[in-house]
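The file entry07.txt contains compact mmCIF, C-alpha atoms (C1' of nucleotides) and all ligand atoms:
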```
# COMPACT_ATOMS: atom_id res chain seq x y z
CA MET A 10 123.87 65.71 64.44
CA LYS A 11 127.04 64.47 65.90
CA LEU A 12 129.90 64.36 63.46
CA THR A 13 133.11 64.43 65.44
CA THR A 14 136.59 63.11 64.91
CA LYS A 15 135.35 59.79 66.17
CA GLY A 16 133.16 59.32 63.12
CA ARG A 17 135.68 60.91 60.78
CA TYR A 18 138.50 58.72 62.04
CA ALA A 19 136.37 55.62 61.70
CA VAL A 20 135.59 56.34 58.06
CA THR A 21 139.19 57.29 57.35
CA ALA A 22 140.48 54.11 58.93
CA MET A 23 137.97 51.96 57.09
CA LEU A 24 138.93 53.59 53.84
CA ASP A 25 142.59 52.97 54.59
CA LEU A 26 141.72 49.36 55.20
CA SER A 27 139.93 49.15 51.86
CA LEU A 28 142.81 50.73 50.00
CA HIS A 29 145.24 48.19 51.38
CA TYR A 30 143.01 45.25 50.85
CA GLY A 31 144.86 42.30 49.34
CA GLU A 32 147.96 42.93 51.41
CA GLY A 33 146.71 40.57 54.08
CA PRO A 34 145.60 41.75 57.50
CA ILE A 35 146.47 45.37 58.24
CA THR A 36 147.64 46.30 61.72
CA LEU A 37 146.20 49.20 63.57
CA ALA A 38 149.74 50.48 64.02
CA ASP A 39 149.99 50.85 60.25
CA ILE A 40 146.73 52.73 60.01
CA ALA A 41 147.61 54.90 62.97
CA GLN A 42 150.84 55.89 61.30
CA ARG A 43 149.49 56.47 57.82
CA GLN A 44 146.44 58.42 58.95
CA GLY A 45 147.93 60.19 61.93
CA ILE A 46 145.51 58.73 64.44
CA SER A 47 146.34 57.62 67.97
CA LEU A 48 146.72 53.83 68.17
CA SER A 49 144.81 53.48 71.43
CA TYR A 50 142.01 55.57 70.08
CA LEU A 51 141.80 53.42 66.98
CA GLU A 52 141.56 50.37 69.19
CA GLN A 53 138.43 51.75 70.75
CA LEU A 54 136.90 52.51 67.40
CA PHE A 55 137.71 49.12 65.94
CA SER A 56 136.20 47.44 68.93
CA ARG A 57 132.90 48.97 67.91
CA LEU A 58 133.40 48.32 64.22
CA ARG A 59 134.05 44.68 64.96
CA LYS A 60 130.88 44.38 67.01
CA LYS A 61 128.96 45.50 63.95
CA SER A 62 130.91 43.05 61.78
CA LEU A 63 132.30 45.83 59.63
CA VAL A 64 135.79 44.46 60.19
CA ALA A 65 137.28 41.06 60.97
CA SER A 66 140.37 40.56 63.08
CA VAL A 67 143.27 38.12 63.31
CA ARG A 68 145.45 38.08 66.38
CA GLY A 69 149.12 37.38 66.79
CA PRO A 70 152.11 38.18 64.62
CA GLY A 71 151.13 38.83 61.03
CA GLY A 72 147.63 39.55 62.24
CA GLY A 73 145.54 42.66 61.92
CA TYR A 74 142.21 43.75 60.53
CA SER A 75 140.43 43.29 57.25
CA LEU A 76 137.05 44.36 55.93
CA GLY A 77 134.06 42.43 57.21
CA LYS A 78 132.41 42.56 53.80
CA SER A 79 133.38 43.89 50.41
CA ALA A 80 134.02 47.60 49.94
CA GLU A 81 130.93 47.87 47.74
CA GLU A 82 128.77 46.73 50.60
CA ILE A 83 130.03 49.04 53.32
CA PHE A 84 128.49 52.48 53.41
CA VAL A 85 129.77 55.57 55.11
CA GLY A 86 126.58 55.94 57.13
CA GLU A 87 127.03 52.49 58.61
CA VAL A 88 130.54 53.25 59.73
CA ILE A 89 129.57 56.48 61.43
CA SER A 90 126.59 54.90 63.11
CA ALA A 91 128.79 52.07 64.36
CA VAL A 92 131.05 54.39 66.33
CA ASP A 93 128.98 57.50 66.83
CA GLU A 94 125.64 56.19 68.05
CA ASN A 95 123.29 58.31 65.99
CA ILE A 96 123.28 60.73 63.13
CA ASP A 97 119.95 62.10 64.32
CA THR A 98 119.78 65.86 64.62
CA THR A 99 116.62 66.08 66.69
CA ARG A 100 116.95 67.09 70.30
CA CYS A 101 114.50 64.44 71.40
CA ASN A 102 116.15 61.65 69.42
CA GLY A 103 112.97 60.91 67.57
CA ALA A 104 110.75 60.76 70.64
CA HIS A 105 109.17 64.16 69.84
CA ASN A 106 108.94 65.12 73.48
CA CYS A 107 111.54 67.80 73.92
CA GLN A 108 109.21 70.49 75.22
CA ASN A 109 107.22 69.47 78.29
CA ASN A 110 106.84 65.95 76.94
CA GLU A 111 105.37 67.30 73.73
CA ARG A 112 106.67 67.97 70.27
CA CYS A 113 108.58 71.20 69.88
CA LEU A 114 108.04 73.64 67.07
CA THR A 115 110.93 72.46 64.95
CA HIS A 116 110.95 68.71 65.44
CA ASP A 117 109.94 67.88 61.88
CA LEU A 118 112.60 70.13 60.45
CA TRP A 119 115.39 68.30 62.23
CA SER A 120 113.80 64.99 61.56
CA ASP A 121 113.70 65.69 57.83
CA LEU A 122 117.25 66.93 57.91
CA SER A 123 118.38 63.76 59.62
CA ASN A 124 116.76 61.64 56.94
CA GLN A 125 118.42 63.75 54.29
CA ILE A 126 121.87 63.26 55.78
CA TYR A 127 121.27 59.64 56.50
CA SER A 128 120.22 58.79 52.97
CA TYR A 129 123.11 60.76 51.53
CA LEU A 130 125.72 58.98 53.60
CA ASN A 131 124.20 55.59 52.98
CA LYS A 132 124.50 55.96 49.24
CA ILE A 133 128.28 56.26 49.41
CA SER A 134 130.25 53.04 49.74
CA LEU A 135 133.91 52.61 50.54
CA GLN A 136 134.34 51.47 46.96
CA ASP A 137 132.86 54.73 45.71
CA LEU A 138 135.39 56.63 47.77
CA MET A 139 138.27 54.50 46.53
CA ASP A 140 137.26 55.25 42.94
CA ARG A 141 137.72 58.96 43.48
CA LYS A 142 140.84 60.41 41.97
CA ALA A 143 141.54 62.75 44.88
CA VAL A 144 141.41 59.86 47.32
CA ARG A 145 143.89 57.80 45.32
CA GLU A 146 146.25 60.74 45.19
CA VAL A 147 146.20 61.21 48.94
CA ALA A 148 146.59 57.48 49.46
CA ASP A 149 149.63 57.45 47.18
CA ARG A 150 151.21 60.27 49.11
CA GLN A 151 150.62 58.47 52.37
CA ASP A 152 152.05 55.21 51.09
CA HIS A 153 155.25 56.83 49.89
CA ALA A 154 155.81 58.91 53.00
CA ASP A 155 157.37 56.04 54.93
CA HIS A 156 160.25 58.01 56.31
CA ASP A 157 160.98 61.70 55.87
CA GLU A 158 157.40 62.87 56.02
CA LEU A 159 158.14 66.11 57.76
CA SER A 160 160.83 67.48 55.49
CA GLY A 161 159.99 70.72 53.81
CA LEU A 162 157.20 72.12 55.89
CA ASP A 163 157.33 74.58 58.71
CA ILE A 164 157.27 72.43 61.77
CA SER A 165 154.94 74.40 63.95
CA MET A 166 153.21 71.51 65.65
CA ALA A 167 154.19 70.51 69.12
CA ASP A 168 152.63 67.08 69.49
CA GLY A 169 154.75 64.00 69.66
CA SER A 170 152.73 61.99 67.19
CA ASN A 171 155.38 62.11 64.53
CA ASP A 172 157.48 59.17 65.64
CA LEU A 173 158.00 58.14 62.08
CA ALA A 174 161.75 57.82 62.15
CA GLY A 175 161.52 54.85 64.43
CA ALA A 176 159.34 52.79 62.14
CA MET B 5 128.84 69.67 61.65
CA LYS B 6 127.74 71.41 64.75
CA LEU B 7 124.03 71.33 65.34
CA THR B 8 123.43 71.97 69.00
CA THR B 9 120.64 73.50 71.00
CA LYS B 10 122.10 76.86 70.15
CA GLY B 11 121.18 76.48 66.51
CA ARG B 12 117.93 74.70 67.26
CA TYR B 13 116.84 77.36 69.73
CA ALA B 14 117.68 80.09 67.27
CA VAL B 15 115.52 78.58 64.55
CA THR B 16 112.74 77.85 67.02
CA ALA B 17 112.80 81.40 68.32
CA MET B 18 112.85 82.89 64.84
CA LEU B 19 109.91 80.72 63.88
CA ASP B 20 108.05 81.85 66.98
CA LEU B 21 108.75 85.40 65.96
CA SER B 22 107.38 84.74 62.48
CA LEU B 23 104.25 83.11 63.83
CA HIS B 24 103.47 86.09 66.01
CA TYR B 25 104.26 88.65 63.39
CA GLY B 26 101.66 91.40 63.24
CA GLU B 27 101.26 91.53 67.01
CA GLY B 28 103.87 94.25 67.25
CA PRO B 29 107.30 93.68 68.78
CA ILE B 30 107.60 90.38 70.62
CA THR B 31 109.54 90.30 73.88
CA LEU B 32 112.15 87.68 74.55
CA ALA B 33 110.30 86.88 77.76
CA ASP B 34 107.32 85.78 75.67
CA ILE B 35 109.43 83.59 73.44
CA ALA B 36 111.28 82.17 76.40
CA GLN B 37 108.03 81.16 78.01
CA ARG B 38 106.34 79.76 74.93
CA GLN B 39 109.34 77.79 73.74
CA GLY B 40 110.79 76.82 77.07
CA ILE B 41 114.13 78.53 76.53
CA SER B 42 116.14 80.43 79.13
CA LEU B 43 115.70 84.18 78.74
CA SER B 44 119.36 85.01 79.25
CA TYR B 45 120.34 82.41 76.74
CA LEU B 46 117.94 83.87 74.21
CA GLU B 47 119.48 87.27 74.74
CA GLN B 48 122.81 85.93 73.64
CA LEU B 49 121.35 84.32 70.57
CA PHE B 50 119.42 87.43 69.57
CA SER B 51 122.51 89.52 69.95
CA ARG B 52 124.03 87.49 67.14
CA LEU B 53 120.86 87.41 65.10
CA ARG B 54 120.67 91.18 65.28
CA LYS B 55 124.24 91.56 64.11
CA LYS B 56 123.27 89.64 60.99
CA SER B 57 120.14 91.80 60.59
CA LEU B 58 117.87 88.80 60.88
CA VAL B 59 115.89 90.60 63.59
CA ALA B 60 115.22 94.22 64.51
CA SER B 61 114.77 95.44 68.05
CA VAL B 62 112.84 98.14 69.90
CA ARG B 63 113.80 99.04 73.44
CA GLY B 64 111.69 100.15 76.34
CA PRO B 65 108.20 99.21 77.44
CA GLY B 66 106.16 97.78 74.59
CA GLY B 67 109.40 96.97 72.83
CA GLY B 68 110.74 93.66 71.68
CA TYR B 69 111.93 92.00 68.50
CA SER B 70 110.57 91.60 65.03
CA LEU B 71 111.86 89.96 61.87
CA GLY B 72 114.59 91.80 60.02
CA LYS B 73 113.10 90.82 56.66
CA SER B 74 110.05 88.93 55.55
CA ALA B 75 109.63 85.29 56.50
CA GLU B 76 110.02 84.26 52.86
CA GLU B 77 113.48 85.75 52.78
CA ILE B 78 114.92 84.18 55.91
CA PHE B 79 116.30 80.69 55.51
CA VAL B 80 117.04 78.16 58.17
CA GLY B 81 120.66 77.89 57.10
CA GLU B 82 121.16 81.60 57.66
CA VAL B 83 119.79 81.44 61.15
CA ILE B 84 122.00 78.54 62.16
CA SER B 85 125.06 80.13 60.65
CA ALA B 86 124.31 83.36 62.49
CA VAL B 87 124.55 81.73 65.90
CA ASP B 88 126.54 78.59 65.30
CA GLU B 89 129.50 79.81 63.30
CA ASN B 90 129.68 77.09 60.67
CA ILE B 91 127.76 74.15 59.37
CA ASP B 92 130.94 72.75 57.89
CA THR B 93 131.66 69.14 58.71
CA THR B 94 135.29 69.06 57.67
CA ARG B 95 137.88 68.84 60.40
CA CYS B 96 140.05 71.42 58.69
CA ASN B 97 137.22 73.90 58.14
CA GLY B 98 137.85 73.95 54.44
CA ALA B 99 141.57 74.52 54.67
CA HIS B 100 142.35 70.91 53.66
CA ASN B 101 145.30 70.67 55.96
CA CYS B 102 144.20 68.41 58.74
CA GLN B 103 146.95 65.83 58.34
CA ASN B 104 150.45 67.25 58.55
CA ASN B 105 149.34 70.35 56.70
CA GLU B 106 148.03 68.25 53.87
CA ARG B 107 144.63 67.02 52.81
CA CYS B 108 143.41 63.97 54.65
CA LEU B 109 141.89 60.95 52.98
CA THR B 110 138.29 61.95 53.59
CA HIS B 111 138.30 65.72 53.17
CA ASP B 112 136.20 65.70 50.00
CA LEU B 113 133.60 63.46 51.55
CA TRP B 114 132.95 65.86 54.42
CA SER B 115 133.17 68.81 52.12
CA ASP B 116 130.51 67.35 49.84
CA LEU B 117 128.35 66.49 52.83
CA SER B 118 128.61 70.04 54.10
CA ASN B 119 127.45 71.40 50.77
CA GLN B 120 124.57 68.97 50.78
CA ILE B 121 123.40 70.05 54.22
CA TYR B 122 123.99 73.67 53.49
CA SER B 123 121.93 73.68 50.30
CA TYR B 124 119.15 71.75 51.97
CA LEU B 125 118.85 74.15 54.87
CA ASN B 126 119.07 77.16 52.65
CA LYS B 127 116.09 76.07 50.61
CA ILE B 128 113.78 76.18 53.63
CA SER B 129 112.44 79.58 54.66
CA LEU B 130 110.62 80.49 57.83
CA GLN B 131 107.52 80.94 55.69
CA ASP B 132 107.86 77.35 54.46
CA LEU B 133 107.95 76.17 58.04
CA MET B 134 104.92 78.27 58.98
CA ASP B 135 102.97 76.71 56.14
CA ARG B 136 103.40 73.26 57.58
CA LYS B 137 100.36 71.86 59.29
CA ALA B 138 102.30 70.23 62.11
CA VAL B 139 103.98 73.53 62.96
CA ARG B 140 100.67 75.38 63.14
CA GLU B 141 99.31 72.71 65.45
CA VAL B 142 102.20 73.01 67.85
CA ALA B 143 101.99 76.79 67.71
CA ASP B 144 98.29 76.66 68.58
CA ARG B 145 98.97 74.45 71.55
CA GLN B 146 101.66 76.81 72.78
CA ASP B 147 99.46 79.87 72.40
CA HIS B 148 96.65 78.35 74.41
CA ALA B 149 98.82 76.99 77.19
CA ASP B 150 99.04 80.33 79.00
CA HIS B 151 98.46 78.98 82.45
CA ASP B 152 97.94 75.36 83.45
CA GLU B 153 100.48 73.92 81.06
CA LEU B 154 101.58 71.11 83.30
CA SER B 155 98.23 69.61 84.19
CA GLY B 156 97.76 66.04 83.15
CA LEU B 157 101.28 64.82 82.58
CA ASP B 158 103.55 62.98 84.93
CA ILE B 159 105.69 65.68 86.37
CA SER B 160 109.06 63.98 86.34
CA MET B 161 111.18 66.98 85.54
CA ALA B 162 113.03 68.78 88.26
CA ASP B 163 114.02 72.05 86.63
CA GLY B 164 112.47 75.28 87.71
CA SER B 165 111.78 76.58 84.24
CA ASN B 166 108.05 76.24 84.60
CA ASP B 167 107.34 79.51 86.36
CA LEU B 168 104.21 79.95 84.38
CA ALA B 169 101.87 80.65 87.27
CA GLY B 170 103.69 83.87 87.96
CA ALA B 171 103.23 85.36 84.52
C1' DA C 173 111.05 108.94 88.38
C1' DC C 174 110.40 104.34 87.19
C1' DA C 175 109.26 100.16 85.15
C1' DT C 176 110.24 97.78 81.15
C1' DT C 177 112.79 96.07 77.69
C1' DC C 178 117.00 95.33 75.07
C1' DC C 179 122.19 94.97 75.44
C1' DC C 180 126.68 93.14 76.87
C1' DA C 181 130.52 90.77 79.18
C1' DA C 182 132.19 87.65 82.27
C1' DG C 183 132.04 83.56 84.73
C1' DC C 184 130.85 78.67 85.58
C1' DA C 185 129.11 73.68 86.27
C1' DA C 186 128.22 69.78 83.72
C1' DA C 187 128.78 67.07 79.87
C1' DA C 188 131.16 65.42 75.92
C1' DT C 189 135.39 64.62 73.48
C1' DA C 190 139.68 62.83 72.46
C1' DG C 191 142.50 60.76 74.07
C1' DT C 192 146.07 57.78 77.66
C1' DC C 193 147.29 53.85 80.49
C1' DA C 194 147.51 49.27 82.08
C1' DA C 195 146.53 44.60 81.97
C1' DG C 196 145.44 40.60 79.45
C1' DA C 197 144.45 36.93 75.73
C1' DA C 198 145.36 34.72 71.36
C1' DT C 199 148.67 33.23 68.06
C1' DA C 200 152.78 32.73 65.13
C1' DT C 201 157.75 31.86 65.18
C1' DC C 202 161.94 30.40 66.95
C1' DG D 23 157.70 26.55 75.46
C1' DA D 24 159.57 31.18 75.59
C1' DT D 25 158.88 35.30 73.23
C1' DA D 26 157.30 38.82 70.36
C1' DT D 27 153.36 40.44 68.11
C1' DT D 28 148.88 41.80 67.66
C1' DC D 29 144.19 42.30 69.09
C1' DT D 30 140.85 43.14 73.37
C1' DT D 31 139.07 45.43 77.23
C1' DG D 32 138.18 48.60 80.83
C1' DA D 33 139.18 52.39 83.54
C1' DC D 34 140.96 56.80 83.96
C1' DT D 35 141.97 61.82 82.63
C1' DA D 36 142.89 66.41 80.49
C1' DT D 37 140.69 69.56 77.55
C1' DT D 38 137.07 71.62 75.22
C1' DT D 39 132.40 72.70 74.42
C1' DT D 40 127.88 73.54 75.88
C1' DG D 41 124.26 75.65 78.05
C1' DC D 42 123.51 78.19 80.87
C1' DT D 43 123.69 82.18 85.14
C1' DT D 44 124.95 86.60 87.09
C1' DG D 45 125.32 91.24 87.14
C1' DG D 46 125.68 95.20 85.32
C1' DG D 47 124.13 98.75 82.03
C1' DA D 48 121.49 101.75 78.36
C1' DA D 49 117.37 103.15 75.92
C1' DT D 50 112.57 104.39 76.04
C1' DG D 51 107.67 104.67 77.04
C1' DT D 52 104.23 106.14 80.84
S1 LIG E 301 113.31 67.90 68.42
FE1 LIG E 301 111.81 66.34 68.68
S2 LIG E 301 110.38 67.32 69.97
FE2 LIG E 301 111.88 68.86 69.78
S1 LIG E 302 138.90 67.39 56.64
FE1 LIG E 302 139.93 68.81 55.39
S2 LIG E 302 141.92 67.98 55.29
FE2 LIG E 302 140.94 66.58 56.61
```
What do you get writing this file as structure tokens?
Amino acid sequence: MKLTTKGRYAVTAMLDLSLHYGEGPITLADIAQRQGISLSYLEQLFSRLRKKSLVASVRGPGGGYSLGKSAEEIFVGEVISAVDENIDTTRCNGAHNCQNNERCLTHDLWSDLSNQIYSYLNKISLQDLMDRKAVREVADRQDHADHDELSGLDISMADGSNDLAGA
Amino acid sequence: MKLTTKGRYAVTAMLDLSLHYGEGPITLADIAQRQGISLSYLEQLFSRLRKKSLVASVRGPGGGYSLGKSAEEIFVGEVISAVDENIDTTRCNGAHNCQNNERCLTHDLWSDLSNQIYSYLNKISLQDLMDRKAVREVADRQDHADHDELSGLDISMADGSNDLAGA
DNA sequence: ACATTCCCAAGCAAAATAGTCAAGAATATC
DNA sequence: GATATTCTTGACTATTTTGCTTGGGAATGT
């Protein structure tokens, strides 16, 4: 499989979008700040999400993104597929030709595994995630961390992504 | 997750070992040839498999590898873990600290997914795989392809891994 | 002795990943 | 209509990971 930050960020951002639904269009800058994701990177991801109609966009001041359909209708698997190409774990990508143009010994195993993962992720909607208590708790923390987010923890990170004071 | 050729090769090689059980120790050169895997690369993988006691080795002429326990007792998940570190799909590797030392919005989702994958792969033993008809078919093909393996297909690959004539 | 096999560590080219940077187009507000 | 805001796009890049190779060695059977 291929589950990288690209896919994780996409789901996280989509969930953030769901959680702030009803507040009008949400800017990528907001999401970037709340979720700690690079703005430019998010732009790339949302470009793909928009192509699959998972989000809708409004340009100009007051603009931003909103969900392309309701949170009940968007499934985690869709989001990952939209940005990450495939969730397939086979080496041949389903073509069963990875050893001298023929099927290798373990093709079916990976194929079955892929189906397993795929069906699992496609049962979980953004709404399902929002309904989880742990998710709401994290979302609350993020919403109330407007300013002094860094106070009280050992600041051992050296990246400049914490430009929160300026917001 | 991290499912790369490393993990796939390891499972493939272990399955090859199972299938040729009873023929005495199997050399890595044999496995490399049958499964189309680089010998040196296999050595690295088997070094790790041996550390986890999944295989046992005999040195010298006539030596080779055999299974460390019976095929019913070795599960796919074990093999992958042995060579691939972790099957975990969380970004934080279980530490739930991937956003400013705190849990991110989607930690539980990836954590649940990891458990799902893990339990699936740990239900499947090498014996289970051997019992599959498709696996036996591929194994038969591989066993009878001693020499002229390349005849009859469009030779569009440019790697030199097909040194079968010399064996 | 010597060929065979496992064992081990280091090094490395190519690919993938996780971004940055720069320019531009639409739109709301003044 | 100037300006600020926000999305939109494409190219470029540093870093990491992957999938090996190379080169030595150590056991062990004949
Ligand atoms: S994974 Fe499909 S043929 Fe090997
Ligand atoms: S994946 Fe564990 S905290 Fe984000």
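Taking all atoms listed in the file into account, ligand LIG 302 (chain E) lies nearest to B:Trp114 out of the set B:Phe50, B:Tyr13, B:Tyr69, B:Trp114.
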May I have the residues of chain A within 10 Å of chain D, counting all atoms listed in the file, written as a PDB file with C-alpha atoms, in the coordinates of the input?
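After the write, part.pdb holds the following:
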```pdb
ATOM      1  CA  THR A  36     147.640  46.300  61.720  1.00  0.00           C
ATOM      2  CA  LEU A  37     146.200  49.200  63.570  1.00  0.00           C
ATOM      3  CA  ALA A  38     149.740  50.480  64.020  1.00  0.00           C
ATOM      4  CA  GLU A  52     141.560  50.370  69.190  1.00  0.00           C
ATOM      5  CA  GLN A  53     138.430  51.750  70.750  1.00  0.00           C
ATOM      6  CA  PHE A  55     137.710  49.120  65.940  1.00  0.00           C
ATOM      7  CA  SER A  56     136.200  47.440  68.930  1.00  0.00           C
ATOM      8  CA  SER A  66     140.370  40.560  63.080  1.00  0.00           C
ATOM      9  CA  VAL A  67     143.270  38.120  63.310  1.00  0.00           C
ATOM     10  CA  ARG A  68     145.450  38.080  66.380  1.00  0.00           C
ATOM     11  CA  GLY A  69     149.120  37.380  66.790  1.00  0.00           C
ATOM     12  CA  PRO A  70     152.110  38.180  64.620  1.00  0.00           C
ATOM     13  CA  GLY A  71     151.130  38.830  61.030  1.00  0.00           C
ATOM     14  CA  GLY A  72     147.630  39.550  62.240  1.00  0.00           C
ATOM     15  CA  GLY A  73     145.540  42.660  61.920  1.00  0.00           C
ATOM     16  CA  TYR A  74     142.210  43.750  60.530  1.00  0.00           C
TER      17      TYR A  74
END
```
- Using all atoms listed in the file, pick whichever of C:DA185, C:DA190, C:DC178, C:DC202 has the shortest atom-to-atom distance to chain A. C:DA190
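For the atom pair formed by atom CA of B:Glu77 and atom CA of B:Met18, the distance is 12.4 Å, given to one decimal.
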- Item | Test item: residues no farther than 10 Å from ligand LIG 301 (chain E), counting all atoms listed in the file, as a list in words | Asp97, Thr98, Thr99, Arg100, Cys101, Asn102, Gly103, Ala104, His105, Asn106, Cys107, Gln108, Asn109, Asn110, Glu111, Arg112, Cys113, Leu114, Thr115, His116, Asp117, Leu118, Trp119 and Ser120 of chain A; Thr9, Arg12, Tyr13 and Thr16 of chain B
- Task: To one decimal in Å, tell me the separation between atom CA of A:Ala22 and atom CA of A:Asp137.
- Result: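 Taking atom CA of A:Ala22 and atom CA of A:Asp137, their separation equals 15.3 Å.
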